[in-house]
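Colleague: Okay, handing you the structure first.
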Amino acid sequence: MALALHSAAAMDPQDFDRMIARARDPRLIPGIYNYCDGRCPRCAFTERCLVFLENVGDSAEHRAEDATADDVEVSLERTIAMLSEIARREGVDLSALACEPDPDRARVMLEHERDPLVAHARDYSTIAWRVSRALAPVITARGDQPVIDAVQTIEWFSSRIAAKLYRAVCGVADAWQADDDVQTDYDGSAKAALIAIRESRAAWATLMEAGKATADGVPARAANALDELEAAVRVRFPRAEQFVRPGFDEPAVAAGAPATLPPWARRPVRSGGGER
């Protein structure tokens, strides 16, 4: 990342100032984008999400379809440019960072990638992605919309589950501890993973019903893998469901009230929280 920052051009100063001004909009919900499912066209909060407004809000086509890999690349490039501009303004020499590799950090990141929970999620992701990609053209040709939606859901979450759990595992390792006033990002990331697991399992159930799959078929095995993964997440992150996601789990904010708390501030816990 340091090398990417060093080689990237800084954001145009006027563009940066405009973004900072937009970020101060009181209608926005701080941090809502960290705990969503990423399916912007299906989200009721796009006009209150800084990431959406900055990255895809000016393109009408994104309101009709899910984000693509190209969108993710553009978003990453914009983020790097923004960080480069911040570094320029603060007088930070990114070339020095680029020339100072941290072998210990690389070792720790590798350990996180090999964490049993992350590995389990990654194994599921590989199967889900391959199956959904193979099924997509067949299902599309049949024109069965509920099944098409199910396959799209499986593919969409195939990588996000592992990514959210990796972030959660890293957060615990970095010793971000909760207290009475703080809810941790790792619990929020784990909750986002749990929601993705539930949506994926429902999608597999749709495929099993549509195809009358046997108990030992691929959809059934995938659903069982998700059951095991969910149980493991709940053991590792027992407070995940108590995390109140900004906006999604706040009825007053969802109804239009200003979001007055930062993402990490503990909120009253809802019974039966939101599902996005």
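Residue names in the structure tokens use chain letters A, B, ... in the order shown, residue numbers from 1 in each chain, and ligand numbers from 1 in the order shown.
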I'd like the contact shell of Asp37 (chain A) - 9 Å cut-off, only C-alpha atoms, skipping same-chain residues fewer than 4 positions apart - returned as an NGL selection string.
Modeller: :A and (33 or 43 or 157 or 160 or 192-193 or 195-196 or 276)
Colleague: Can you work out the spacing between CA of Ala44 (chain A) and CA of Ala168 (chain A) in Å, to one decimal?
Modeller: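 Result for CA of Ala44 (chain A) versus CA of Ala168 (chain A): 25.5 Å, one decimal.
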Colleague: With only C-alpha atoms as the counted atoms, please give the residues lying no more than 10 Å from region 119-136 of chain A, apart from itself and same-chain residues fewer than 2 positions off, as a PyMOL selection string.
Modeller: chain A and resi 112-117+138-141+147-166+193+197+200+204+218-219+221-223+225-226+228-230+232
Colleague: Please report the interatomic distance between CA of Val233 (chain A) and CA of Trp264 (chain A) in Å with one decimal.
Modeller: 20.4 Å
Colleague: Could you tell me how far CA of Cys40 (chain A) lies from CA of Asn55 (chain A), in Å and to one decimal?
Modeller: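 Calculated distance between CA of Cys40 (chain A) and CA of Asn55 (chain A) is 11.0 Å.
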Colleague: Got a sec: who's within 12 Å of region 109-111 of chain A, counting only C-alpha atoms, leaving out chain neighbours fewer than 5 positions off, as a PyMOL selection string?
Modeller: chain A and resi 102-104+116-119+166-167+169-171+173-174
Colleague: Against region 237-245 of chain A, which residues of region 109-185 of chain A fall within 10 Å? For each one I want the closest pair of atoms and the distance in Å (one decimal), counting only C-alpha atoms, rows by chain and increasing residue number, as a tab-separated table.
Modeller:
residue	atom	partner	partner_atom	distance
A:Ala168	CA	A:Phe237	CA	8.7
A:Val169	CA	A:Phe237	CA	9.4
A:Val172	CA	A:Phe237	CA	9.4
A:Ala178	CA	A:Arg239	CA	9.9
A:Val182	CA	A:Phe243	CA	10.0
A:Gln183	CA	A:Phe243	CA	6.5
A:Thr184	CA	A:Phe243	CA	7.9
A:Asp185	CA	A:Phe243	CA	8.8
Colleague: Check the smallest atom-to-atom distance from each of A:Asp93, A:Asp181, A:Glu199, A:Asp227 to Arg267 (chain A) using only C-alpha atoms, then report the winner.
Modeller: A:Asp181
